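Note: the block below is final-v7.pdb and it holds PDB, C-alpha atoms.
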MODEL        1
ATOM      1  CA  MET A  15       0.313 -22.163 -48.081
ATOM      2  CA  THR A  16      -2.485 -19.676 -47.332
ATOM      3  CA  ASP A  17      -1.316 -16.362 -45.868
ATOM      4  CA  ILE A  18      -4.709 -14.768 -45.157
ATOM      5  CA  ILE A  19      -7.998 -16.432 -44.175
ATOM      6  CA  ILE A  20     -11.287 -14.501 -44.221
ATOM      7  CA  THR A  21     -14.163 -16.252 -42.453
ATOM      8  CA  GLU A  22     -17.051 -13.790 -42.883
ATOM      9  CA  PHE A  23     -18.360 -11.530 -45.631
ATOM     10  CA  MET A  24     -16.072  -8.790 -46.933
ATOM     11  CA  ASP A  25     -16.241  -6.419 -49.867
ATOM     12  CA  GLU A  26     -14.849  -8.259 -52.877
ATOM     13  CA  VAL A  27     -12.711  -5.357 -54.073
ATOM     14  CA  ALA A  28     -10.945  -5.361 -50.721
ATOM     15  CA  VAL A  29     -10.549  -9.153 -50.924
ATOM     16  CA  ALA A  30      -8.990  -8.728 -54.376
ATOM     17  CA  SER A  31      -6.482  -6.218 -52.969
ATOM     18  CA  LEU A  32      -5.392  -8.824 -50.424
ATOM     19  CA  SER A  33      -5.267 -11.617 -53.020
ATOM     20  CA  ALA A  34      -3.059  -9.504 -55.290
ATOM     21  CA  ARG A  35      -0.344  -9.477 -52.621
ATOM     22  CA  HIS A  36      -0.820 -12.680 -50.617
ATOM     23  CA  VAL A  37      -2.382 -16.111 -51.023
ATOM     24  CA  THR A  38      -5.857 -15.504 -49.621
ATOM     25  CA  LEU A  39      -8.727 -17.851 -48.781
ATOM     26  CA  TYR A  40     -12.094 -16.074 -48.704
ATOM     27  CA  ASP A  41     -14.884 -18.343 -47.509
ATOM     28  CA  PRO A  42     -17.752 -16.745 -45.525
ATOM     29  CA  LYS A  43     -19.018 -20.244 -44.666
ATOM     30  CA  LEU A  44     -15.975 -20.866 -42.472
ATOM     31  CA  VAL A  45     -17.631 -19.013 -39.595
ATOM     32  CA  ASP A  46     -20.013 -21.961 -39.269
ATOM     33  CA  ASP A  47     -17.320 -24.623 -39.665
ATOM     34  CA  PRO A  48     -14.774 -24.100 -36.855
ATOM     35  CA  ALA A  49     -13.325 -27.602 -37.291
ATOM     36  CA  ARG A  50     -12.386 -26.890 -40.916
ATOM     37  CA  LEU A  51     -11.108 -23.442 -39.958
ATOM     38  CA  ALA A  52      -8.848 -24.974 -37.319
ATOM     39  CA  LEU A  53      -7.397 -27.290 -39.960
ATOM     40  CA  LEU A  54      -6.676 -24.372 -42.307
ATOM     41  CA  LEU A  55      -5.191 -22.008 -39.729
ATOM     42  CA  PRO A  56      -1.770 -23.498 -38.900
ATOM     43  CA  GLU A  57      -0.019 -21.919 -41.911
ATOM     44  CA  ALA A  58      -1.940 -18.612 -41.955
ATOM     45  CA  ARG A  59      -0.300 -15.332 -41.023
ATOM     46  CA  ALA A  60      -3.529 -13.289 -40.889
ATOM     47  CA  LEU A  61      -7.148 -13.964 -39.957
ATOM     48  CA  ILE A  62      -9.974 -11.574 -40.852
ATOM     49  CA  VAL A  63     -13.342 -11.959 -39.070
ATOM     50  CA  ARG A  64     -16.546 -10.144 -38.198
ATOM     51  CA  ASN A  65     -18.392 -10.681 -34.918
ATOM     52  CA  ARG A  66     -19.381 -14.353 -35.125
ATOM     53  CA  THR A  67     -16.002 -16.083 -35.457
ATOM     54  CA  GLN A  68     -14.792 -16.929 -31.940
ATOM     55  CA  VAL A  69     -11.067 -16.193 -31.946
ATOM     56  CA  ARG A  70     -10.106 -17.936 -28.724
ATOM     57  CA  GLY A  71      -9.136 -21.275 -27.189
ATOM     58  CA  ALA A  72      -8.474 -24.094 -29.623
ATOM     59  CA  LEU A  73      -8.818 -21.797 -32.630
ATOM     60  CA  LEU A  74      -6.021 -19.555 -31.396
ATOM     61  CA  GLU A  75      -3.889 -22.581 -30.563
ATOM     62  CA  ALA A  76      -4.315 -23.787 -34.147
ATOM     63  CA  GLY A  77      -3.145 -20.438 -35.498
ATOM     64  CA  ARG A  78       0.441 -20.904 -34.405
ATOM     65  CA  LYS A  79       1.803 -18.659 -37.181
ATOM     66  CA  LEU A  80      -0.802 -15.925 -36.836
ATOM     67  CA  GLU A  81       0.597 -12.404 -36.755
ATOM     68  CA  VAL A  82      -2.576 -10.329 -37.033
ATOM     69  CA  VAL A  83      -6.363 -10.579 -36.603
ATOM     70  CA  GLY A  84      -8.382  -8.021 -38.551
ATOM     71  CA  ARG A  85     -11.864  -7.317 -37.197
ATOM     72  CA  LEU A  86     -14.448  -6.127 -39.752
ATOM     73  CA  GLY A  87     -16.164  -3.967 -37.138
ATOM     74  CA  VAL A  88     -15.304  -2.510 -33.747
ATOM     75  CA  GLY A  89     -16.482  -4.844 -30.960
ATOM     76  CA  LEU A  90     -13.849  -7.273 -29.729
ATOM     77  CA  ASP A  91     -15.840  -9.520 -27.392
ATOM     78  CA  ASN A  92     -15.508 -12.452 -29.845
ATOM     79  CA  ILE A  93     -11.710 -12.171 -29.720
ATOM     80  CA  ASP A  94      -9.522 -13.162 -26.762
ATOM     81  CA  VAL A  95      -7.421 -10.009 -26.945
ATOM     82  CA  PRO A  96      -5.196 -10.813 -23.917
ATOM     83  CA  ALA A  97      -4.358 -14.231 -25.390
ATOM     84  CA  CYS A  98      -3.570 -12.621 -28.749
ATOM     85  CA  THR A  99      -1.313 -10.077 -27.062
ATOM     86  CA  GLU A 100       0.440 -12.814 -25.108
ATOM     87  CA  ASN A 101       1.129 -14.648 -28.363
ATOM     88  CA  GLY A 102       2.314 -11.559 -30.220
ATOM     89  CA  ILE A 103      -0.770 -11.350 -32.440
ATOM     90  CA  ALA A 104      -1.934  -7.839 -33.297
ATOM     91  CA  VAL A 105      -5.703  -7.215 -33.177
ATOM     92  CA  ILE A 106      -6.945  -4.498 -35.537
ATOM     93  CA  PRO A 107     -10.562  -3.239 -35.366
ATOM     94  CA  ALA A 108     -12.142  -1.038 -38.046
ATOM     95  CA  THR A 109     -12.518   1.882 -35.676
ATOM     96  CA  GLY A 110     -14.736   4.655 -37.049
ATOM     97  CA  ALA A 111     -15.557   3.029 -40.374
ATOM     98  CA  ASN A 112     -19.177   2.158 -39.561
ATOM     99  CA  ASP A 113     -20.055   4.992 -37.164
ATOM    100  CA  LEU A 114     -22.393   6.702 -39.632
ATOM    101  CA  SER A 115     -24.408   3.593 -40.469
ATOM    102  CA  VAL A 116     -24.993   2.735 -36.796
ATOM    103  CA  ALA A 117     -25.971   6.332 -36.016
ATOM    104  CA  GLU A 118     -28.510   6.302 -38.856
ATOM    105  CA  TRP A 119     -29.941   2.994 -37.568
ATOM    106  CA  VAL A 120     -30.436   4.566 -34.139
ATOM    107  CA  ILE A 121     -32.233   7.633 -35.493
ATOM    108  CA  ALA A 122     -34.357   5.617 -37.935
ATOM    109  CA  SER A 123     -35.368   3.129 -35.227
ATOM    110  CA  ALA A 124     -36.280   5.935 -32.827
ATOM    111  CA  MET A 125     -38.495   7.551 -35.460
ATOM    112  CA  LEU A 126     -40.183   4.254 -36.310
ATOM    113  CA  LEU A 127     -40.917   3.419 -32.688
ATOM    114  CA  LEU A 128     -42.157   6.874 -31.693
ATOM    115  CA  ARG A 129     -44.360   7.302 -34.747
ATOM    116  CA  GLY A 130     -45.733   3.758 -34.581
ATOM    117  CA  ALA A 131     -47.488   4.095 -37.929
ATOM    118  CA  TYR A 132     -45.418   1.994 -40.269
ATOM    119  CA  HIS A 133     -47.040  -1.423 -39.861
ATOM    120  CA  SER A 134     -50.368  -0.268 -41.218
ATOM    121  CA  THR A 135     -50.026  -1.371 -44.842
ATOM    122  CA  PRO A 136     -52.385  -4.397 -44.615
ATOM    123  CA  GLU A 137     -55.068  -2.332 -42.853
ATOM    124  CA  VAL A 138     -54.802   0.512 -45.362
ATOM    125  CA  ILE A 139     -55.036  -1.945 -48.258
ATOM    126  CA  ALA A 140     -58.135  -3.428 -46.621
ATOM    127  CA  GLY A 141     -59.716   0.010 -46.332
ATOM    128  CA  ALA A 142     -59.668   0.041 -42.493
ATOM    129  CA  TRP A 143     -58.056   3.504 -42.426
ATOM    130  CA  PRO A 144     -56.837   3.356 -38.746
ATOM    131  CA  ARG A 145     -55.915   7.032 -38.356
ATOM    132  CA  ASN A 146     -56.894   7.498 -34.720
ATOM    133  CA  LYS A 147     -54.916   4.594 -33.319
ATOM    134  CA  LEU A 148     -51.835   5.552 -35.348
ATOM    135  CA  MET A 149     -51.362   9.028 -33.929
ATOM    136  CA  GLY A 150     -47.683   8.770 -32.943
ATOM    137  CA  ARG A 151     -45.122  11.095 -31.430
ATOM    138  CA  GLU A 152     -42.483  13.405 -32.893
ATOM    139  CA  LEU A 153     -38.754  13.131 -32.242
ATOM    140  CA  SER A 154     -38.288  16.896 -32.053
ATOM    141  CA  GLY A 155     -38.413  18.312 -28.543
ATOM    142  CA  ARG A 156     -37.713  14.980 -26.867
ATOM    143  CA  ILE A 157     -34.700  13.922 -24.817
ATOM    144  CA  MET A 158     -32.124  11.547 -26.307
ATOM    145  CA  GLY A 159     -30.174   9.745 -23.581
ATOM    146  CA  LEU A 160     -26.896   8.165 -24.696
ATOM    147  CA  VAL A 161     -25.358   5.526 -22.431
ATOM    148  CA  GLY A 162     -21.740   5.602 -23.523
ATOM    149  CA  PHE A 163     -20.362   8.579 -25.436
ATOM    150  CA  GLY A 164     -17.802   7.250 -27.877
ATOM    151  CA  SER A 165     -17.534   7.998 -31.580
ATOM    152  CA  ILE A 166     -20.824   6.348 -32.617
ATOM    153  CA  ALA A 167     -22.808   8.004 -29.832
ATOM    154  CA  ARG A 168     -21.360  11.365 -30.865
ATOM    155  CA  GLU A 169     -22.608  10.841 -34.421
ATOM    156  CA  VAL A 170     -26.038  10.030 -32.969
ATOM    157  CA  ALA A 171     -25.871  13.210 -30.888
ATOM    158  CA  LYS A 172     -25.154  15.358 -33.961
ATOM    159  CA  ARG A 173     -28.164  13.954 -35.801
ATOM    160  CA  ALA A 174     -30.445  14.090 -32.787
ATOM    161  CA  ARG A 175     -29.594  17.755 -32.190
ATOM    162  CA  ALA A 176     -30.208  18.545 -35.853
ATOM    163  CA  LEU A 177     -33.688  17.052 -35.446
ATOM    164  CA  GLY A 178     -34.463  19.269 -32.475
ATOM    165  CA  MET A 179     -33.740  16.847 -29.647
ATOM    166  CA  ASP A 180     -32.186  17.671 -26.305
ATOM    167  CA  VAL A 181     -29.214  15.318 -25.843
ATOM    168  CA  MET A 182     -27.759  14.001 -22.600
ATOM    169  CA  ALA A 183     -25.040  11.381 -22.221
ATOM    170  CA  HIS A 184     -23.430   9.236 -19.552
ATOM    171  CA  ASP A 185     -19.831   8.112 -19.862
ATOM    172  CA  PRO A 186     -17.454   8.162 -16.871
ATOM    173  CA  PHE A 187     -14.515   7.486 -19.189
ATOM    174  CA  VAL A 188     -14.878  10.749 -21.136
ATOM    175  CA  ALA A 189     -12.987  13.597 -19.465
ATOM    176  CA  ASP A 190     -14.966  16.622 -18.281
ATOM    177  CA  HIS A 191     -12.924  18.901 -20.562
ATOM    178  CA  ASP A 192     -13.463  16.776 -23.692
ATOM    179  CA  PRO A 193     -14.846  19.037 -26.459
ATOM    180  CA  ALA A 194     -17.367  16.316 -27.369
ATOM    181  CA  TRP A 195     -19.486  17.498 -24.413
ATOM    182  CA  SER A 196     -20.537  20.414 -26.613
ATOM    183  CA  LEU A 197     -22.849  17.851 -28.262
ATOM    184  CA  ALA A 198     -24.544  16.589 -25.081
ATOM    185  CA  ARG A 199     -25.146  17.401 -21.422
ATOM    186  CA  PRO A 200     -23.207  15.087 -19.079
ATOM    187  CA  HIS A 201     -25.553  13.118 -16.834
ATOM    188  CA  GLY A 202     -25.426  10.347 -14.268
ATOM    189  CA  LEU A 203     -26.755   6.992 -15.435
ATOM    190  CA  GLU A 204     -29.744   6.801 -13.095
ATOM    191  CA  PRO A 205     -31.019  10.351 -13.809
ATOM    192  CA  LEU A 206     -30.581   9.731 -17.546
ATOM    193  CA  LEU A 207     -32.666   6.569 -17.385
ATOM    194  CA  ARG A 208     -35.389   8.407 -15.462
ATOM    195  CA  GLU A 209     -35.556  11.442 -17.732
ATOM    196  CA  ALA A 210     -34.849  10.360 -21.326
ATOM    197  CA  ASP A 211     -37.577   9.720 -23.889
ATOM    198  CA  VAL A 212     -35.186   7.736 -26.089
ATOM    199  CA  ILE A 213     -32.349   5.717 -24.529
ATOM    200  CA  SER A 214     -29.612   4.462 -26.851
ATOM    201  CA  LEU A 215     -26.864   2.131 -25.610
ATOM    202  CA  HIS A 216     -23.269   2.549 -26.793
ATOM    203  CA  VAL A 217     -21.108   0.470 -24.455
ATOM    204  CA  PRO A 218     -18.883  -2.595 -24.890
ATOM    205  CA  LEU A 219     -19.822  -5.882 -23.245
ATOM    206  CA  THR A 220     -17.772  -6.265 -20.070
ATOM    207  CA  GLU A 221     -18.426  -7.702 -16.632
ATOM    208  CA  ALA A 222     -19.444  -4.189 -15.569
ATOM    209  CA  THR A 223     -21.941  -3.717 -18.416
ATOM    210  CA  ARG A 224     -23.432  -7.225 -18.619
ATOM    211  CA  ASN A 225     -27.173  -6.899 -17.868
ATOM    212  CA  MET A 226     -26.643  -3.276 -16.852
ATOM    213  CA  ILE A 227     -30.171  -2.646 -18.127
ATOM    214  CA  ASP A 228     -31.963  -5.107 -15.853
ATOM    215  CA  ALA A 229     -35.489  -5.278 -14.468
ATOM    216  CA  LEU A 230     -34.741  -2.737 -11.726
ATOM    217  CA  ARG A 231     -33.322  -0.140 -14.094
ATOM    218  CA  ILE A 232     -36.113  -0.711 -16.601
ATOM    219  CA  SER A 233     -38.622  -0.070 -13.794
ATOM    220  CA  ARG A 234     -37.026   3.348 -13.254
ATOM    221  CA  MET A 235     -37.503   4.410 -16.882
ATOM    222  CA  ARG A 236     -40.500   6.370 -18.027
ATOM    223  CA  PRO A 237     -43.311   4.080 -19.239
ATOM    224  CA  ASP A 238     -43.489   6.112 -22.457
ATOM    225  CA  ALA A 239     -39.725   5.756 -23.093
ATOM    226  CA  ILE A 240     -38.151   3.640 -25.807
ATOM    227  CA  ILE A 241     -34.783   1.894 -25.693
ATOM    228  CA  LEU A 242     -32.374   1.057 -28.524
ATOM    229  CA  ASN A 243     -29.383  -1.270 -28.497
ATOM    230  CA  ALA A 244     -26.912  -1.520 -31.368
ATOM    231  CA  SER A 245     -23.876  -1.962 -29.115
ATOM    232  CA  ARG A 246     -23.575  -5.493 -27.743
ATOM    233  CA  GLY A 247     -25.974  -8.239 -26.778
ATOM    234  CA  GLY A 248     -25.916  -9.039 -23.086
ATOM    235  CA  VAL A 249     -26.021  -5.373 -22.052
ATOM    236  CA  ILE A 250     -29.820  -5.668 -21.735
ATOM    237  CA  ASP A 251     -31.559  -8.416 -19.768
ATOM    238  CA  GLU A 252     -33.688  -9.709 -22.650
ATOM    239  CA  HIS A 253     -36.267 -11.433 -20.424
ATOM    240  CA  ALA A 254     -36.753  -8.287 -18.338
ATOM    241  CA  LEU A 255     -37.106  -6.143 -21.461
ATOM    242  CA  ALA A 256     -39.684  -8.465 -23.027
ATOM    243  CA  ALA A 257     -41.689  -8.550 -19.788
ATOM    244  CA  ALA A 258     -41.686  -4.746 -19.557
ATOM    245  CA  LEU A 259     -42.891  -4.372 -23.146
ATOM    246  CA  LYS A 260     -45.703  -6.889 -22.644
ATOM    247  CA  LYS A 261     -46.820  -5.178 -19.417
ATOM    248  CA  GLY A 262     -46.754  -1.694 -20.971
ATOM    249  CA  ARG A 263     -43.888  -0.597 -18.732
ATOM    250  CA  LEU A 264     -41.970   0.564 -21.799
ATOM    251  CA  ALA A 265     -43.328   2.064 -25.004
ATOM    252  CA  GLY A 266     -40.973   0.301 -27.400
ATOM    253  CA  ALA A 267     -37.556  -1.171 -28.127
ATOM    254  CA  ALA A 268     -35.226  -1.825 -31.046
ATOM    255  CA  LEU A 269     -32.476  -4.438 -30.766
ATOM    256  CA  ASP A 270     -29.779  -5.145 -33.322
ATOM    257  CA  VAL A 271     -27.652  -7.302 -30.999
ATOM    258  CA  PHE A 272     -28.477 -10.264 -28.785
ATOM    259  CA  GLU A 273     -26.981 -12.397 -26.046
ATOM    260  CA  GLU A 274     -26.734 -15.313 -28.485
ATOM    261  CA  GLU A 275     -26.516 -14.797 -32.247
ATOM    262  CA  PRO A 276     -28.318 -15.986 -34.283
ATOM    263  CA  LEU A 277     -31.323 -16.243 -31.958
ATOM    264  CA  ASN A 278     -32.306 -19.759 -31.006
ATOM    265  CA  ALA A 279     -35.905 -20.933 -30.604
ATOM    266  CA  ALA A 280     -35.958 -20.209 -26.864
ATOM    267  CA  GLN A 281     -34.750 -16.645 -27.379
ATOM    268  CA  GLY A 282     -37.258 -16.044 -30.130
ATOM    269  CA  ALA A 283     -40.040 -17.238 -27.850
ATOM    270  CA  VAL A 284     -39.025 -14.622 -25.263
ATOM    271  CA  PHE A 285     -39.769 -11.827 -27.732
ATOM    272  CA  ALA A 286     -42.921 -13.321 -29.243
ATOM    273  CA  GLY A 287     -45.916 -11.070 -28.677
ATOM    274  CA  CYS A 288     -43.951  -7.989 -27.615
ATOM    275  CA  PRO A 289     -45.602  -4.789 -28.878
ATOM    276  CA  ASN A 290     -43.691  -2.027 -30.711
ATOM    277  CA  LEU A 291     -40.529  -4.110 -31.002
ATOM    278  CA  ILE A 292     -37.995  -3.971 -33.838
ATOM    279  CA  LEU A 293     -35.428  -6.770 -34.141
ATOM    280  CA  THR A 294     -32.661  -6.649 -36.756
ATOM    281  CA  PRO A 295     -29.898  -9.273 -37.291
ATOM    282  CA  HIS A 296     -26.795  -7.305 -36.218
ATOM    283  CA  ILE A 297     -26.831  -5.094 -39.301
ATOM    284  CA  ALA A 298     -26.889  -1.586 -37.806
ATOM    285  CA  GLY A 299     -23.292  -1.085 -38.863
ATOM    286  CA  VAL A 300     -23.655  -2.870 -42.201
ATOM    287  CA  THR A 301     -24.597  -0.810 -45.225
ATOM    288  CA  ILE A 302     -23.197  -0.972 -48.745
ATOM    289  CA  GLU A 303     -21.122   2.115 -47.992
ATOM    290  CA  SER A 304     -19.889   1.058 -44.549
ATOM    291  CA  ASN A 305     -18.985  -2.430 -45.773
ATOM    292  CA  ILE A 306     -16.704  -0.845 -48.362
ATOM    293  CA  ARG A 307     -15.127   1.476 -45.774
ATOM    294  CA  VAL A 308     -14.652  -1.276 -43.177
ATOM    295  CA  SER A 309     -13.296  -3.789 -45.697
ATOM    296  CA  ASN A 310     -10.857  -1.355 -47.288
ATOM    297  CA  LEU A 311      -9.604  -0.165 -43.899
ATOM    298  CA  ILE A 312      -8.929  -3.673 -42.608
ATOM    299  CA  ALA A 313      -7.401  -4.833 -45.891
ATOM    300  CA  ALA A 314      -4.988  -1.888 -45.849
ATOM    301  CA  LYS A 315      -4.035  -2.350 -42.200
ATOM    302  CA  VAL A 316      -3.548  -6.110 -42.509
ATOM    303  CA  LEU A 317      -1.351  -5.628 -45.584
ATOM    304  CA  GLU A 318       0.640  -2.946 -43.792
ATOM    305  CA  HIS A 319       1.189  -5.263 -40.833
ATOM    306  CA  LEU A 320       2.215  -8.252 -42.949
ATOM    307  CA  ASP A 321       4.574  -6.149 -45.065
ATOM    308  CA  ARG A 322       6.190  -4.742 -41.940
ATOM    309  CA  LYS A 323       6.751  -8.268 -40.630
ATOM    310  CA  ALA A 324       8.075  -9.657 -43.921
TER
ENDMDL
END

Represent the structure from my file as structure tokens, please.
Amino acid sequence: MTDIIITEFMDEVAVASLSARHVTLYDPKLVDDPARLALLLPEARALIVRNRTQVRGALLEAGRKLEVVGRLGVGLDNIDVPACTENGIAVIPATGANDLSVAEWVIASAMLLLRGAYHSTPEVIAGAWPRNKLMGRELSGRIMGLVGFGSIAREVAKRARALGMDVMAHDPFVADHDPAWSLARPHGLEPLLREADVISLHVPLTEATRNMIDALRISRMRPDAIILNASRGGVIDEHALAAALKKGRLAGAALDVFEEEPLNAAQGAVFAGCPNLILTPHIAGVTIESNIRVSNLIAAKVLEHLDRKA
């Protein structure tokens, strides 16, 4: 009988800590084989996933002995949390463990997009020396607009301020007296979109946030603004964003998350030909260091939960 099933990549030291205490199946290929996973689940007490394993419907029904789902990350849109709660299954995210890596991705992407000089290697090798066309912009002195002001956005704010940026944020769920507002000026969403040079999204995917950055809101942004999304796919209307980039209505964008992951051929075609665009495969929160922190945190919490239930 397998106590713990892990369907996506996890630090092997953390896997070993689980295996030392419980029978553990670690197979990162299971994420792409839901039929096999459903066959393995009936005896499992714990399931550990990242963002691609869909913990809902038939999969949850198969896990009739599940006590806990550990999420190697923070977003929970791939997990039917109400159904888990109804069935007495605890859901444990790795809150805070990858904040630093996502914040660094945001700052690095903003610098790359504003400077616009880091795709010049072939031209330099060829002796073209394109100095005039590669005169980019500095981050210092510009406005960072944070949509959502949770723990990751606050780490972005600290780094942006250290680099000389003015920081504003929009988050109706953060109380006016919260000390975090010392890091950013509170702002309404529409004024933030109009004023910010760099807009970084830090919201979960809900019915309220789906396509919140649509064609109308993009049209209200400054044409020299850039937008970054390492929160959740579906928050930005991808077709509207691509159209704005191609028409010069936005100066650049960096996306780490997408409505469907991995991208299919149709999605890829939407982004083909977009200028000053950075696409990364949902790795903003994945560094060597953060993977260790996330894995160790979830391993410890899953073990604690199973031991408490024993």

Q: Could you tell me which residues the PyMOL selection byres ((chain A and resi 69) around 8) returns for this structure, as a count of residues only?
A: 9

Q: Using the chain letters and residue numbers of this document, give as a ChimeraX atom specification the residues selected by the PyMOL selection byres ((chain A and resi 196) around 12).
A: /A:163,168,171-172,175,180-183,190-195,197-200

Once you count all atoms listed in the file, what closest atom pair and distance in Å to one decimal does each residue of segment 184-222 of chain A within 12 Å of segment 120-125 of chain A have, with rows by chain and rising residue number, as a tab-separated table?
residue	atom	partner	partner_atom	distance
A:Asp211	CA	A:Ala124	CA	9.8
A:Val212	CA	A:Ala124	CA	7.1
A:Ile213	CA	A:Ala124	CA	9.2
A:Ser214	CA	A:Val120	CA	7.3
A:Leu215	CA	A:Val120	CA	9.6
A:His216	CA	A:Val120	CA	10.5

Q. Just how far from atom CA of Glu118 of chain A is atom CA of Ala265 of chain A, in Å to one decimal?
A.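 Atom-to-atom, atom CA of Ala265 of chain A to atom CA of Glu118 of chain A, that is 20.7 Å.
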
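With atom CA of Pro136 of chain A on one side and atom CA of Ala267 of chain A on the other, the separation reads 22.4 Å.
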
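Atom CA of Ser245 of chain A sits 11.3 Å away from atom CA of Glu273 of chain A.
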
Q.
Which residues, named as in the file, does the PyMOL selection byres ((chain A and resi 151) around 10) pick out? Answer as a list in words.
A. Met125, Leu126, Leu127, Leu128, Arg129, Gly130, Ala131, Leu148, Met149, Gly150, Glu152, Leu153, Ser154 and Arg156 of chain A

Next, write the just-selected residues to a file, as a JSON list (two decimals), in the frame of the given file, keeping C-alpha atoms as the atom set.
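Just written: out_28.json:
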[["chain", "number", "residue", "atom", "x", "y", "z"],
["A", 125, "MET", "CA", -38.49, 7.55, -35.46],
["A", 126, "LEU", "CA", -40.18, 4.25, -36.31],
["A", 127, "LEU", "CA", -40.92, 3.42, -32.69],
["A", 128, "LEU", "CA", -42.16, 6.87, -31.69],
["A", 129, "ARG", "CA", -44.36, 7.30, -34.75],
["A", 130, "GLY", "CA", -45.73, 3.76, -34.58],
["A", 131, "ALA", "CA", -47.49, 4.10, -37.93],
["A", 148, "LEU", "CA", -51.84, 5.55, -35.35],
["A", 149, "MET", "CA", -51.36, 9.03, -33.93],
["A", 150, "GLY", "CA", -47.68, 8.77, -32.94],
["A", 152, "GLU", "CA", -42.48, 13.40, -32.89],
["A", 153, "LEU", "CA", -38.75, 13.13, -32.24],
["A", 154, "SER", "CA", -38.29, 16.90, -32.05],
["A", 156, "ARG", "CA", -37.71, 14.98, -26.87]]

Q | Which residue of A:Asp47, A:Asp238, A:Asp17, A:Asp185 approaches Arg35 of chain A most closely, using all atoms listed in the file | A |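 Among A:Asp47, A:Asp238, A:Asp17, A:Asp185, it is A:Asp17 that comes nearest to Arg35 of chain A.
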
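The point (-17.5, 2.8, -48.4) has these residues within 12 Å of it, counting only C-alpha atoms: Met24, Asp25, Val27, Ala28, Gly110, Ala111, Asn112, Asp113, Leu114, Ser115, Gly299, Val300, Thr301, Ile302, Glu303, Ser304, Asn305, Ile306, Arg307, Val308, Ser309, Asn310 and Leu311 of chain A.
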
As a CSV table (one decimal) with C-alpha atoms, in the coordinates of the input, please: the residues near Arg322 of chain A (cut-off 12 Å, all atoms listed in the file, same-chain neighbours under 6 positions excluded).
chain,number,residue,atom,x,y,z
A,81,GLU,CA,0.6,-12.4,-36.8
A,82,VAL,CA,-2.6,-10.3,-37.0
A,315,LYS,CA,-4.0,-2.4,-42.2
A,316,VAL,CA,-3.5,-6.1,-42.5

Q: Between A:Leu291, A:Leu55, A:Val105, A:Val88, single out the one closest to Arg246 of chain A, counting only C-alpha atoms.
A: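 The shortest atom-to-atom distance to Arg246 of chain A comes from A:Val88.
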
Q: Might you pull out every residue within 12 Å of Ala280 of chain A, with only C-alpha atoms counted and same-chain residues fewer than 6 positions away left off, and present them as a list of chain:residue names?
A: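 Non-adjacent residues within range: A:Glu252, A:His253, A:Glu273, A:Glu274, A:Ala286.
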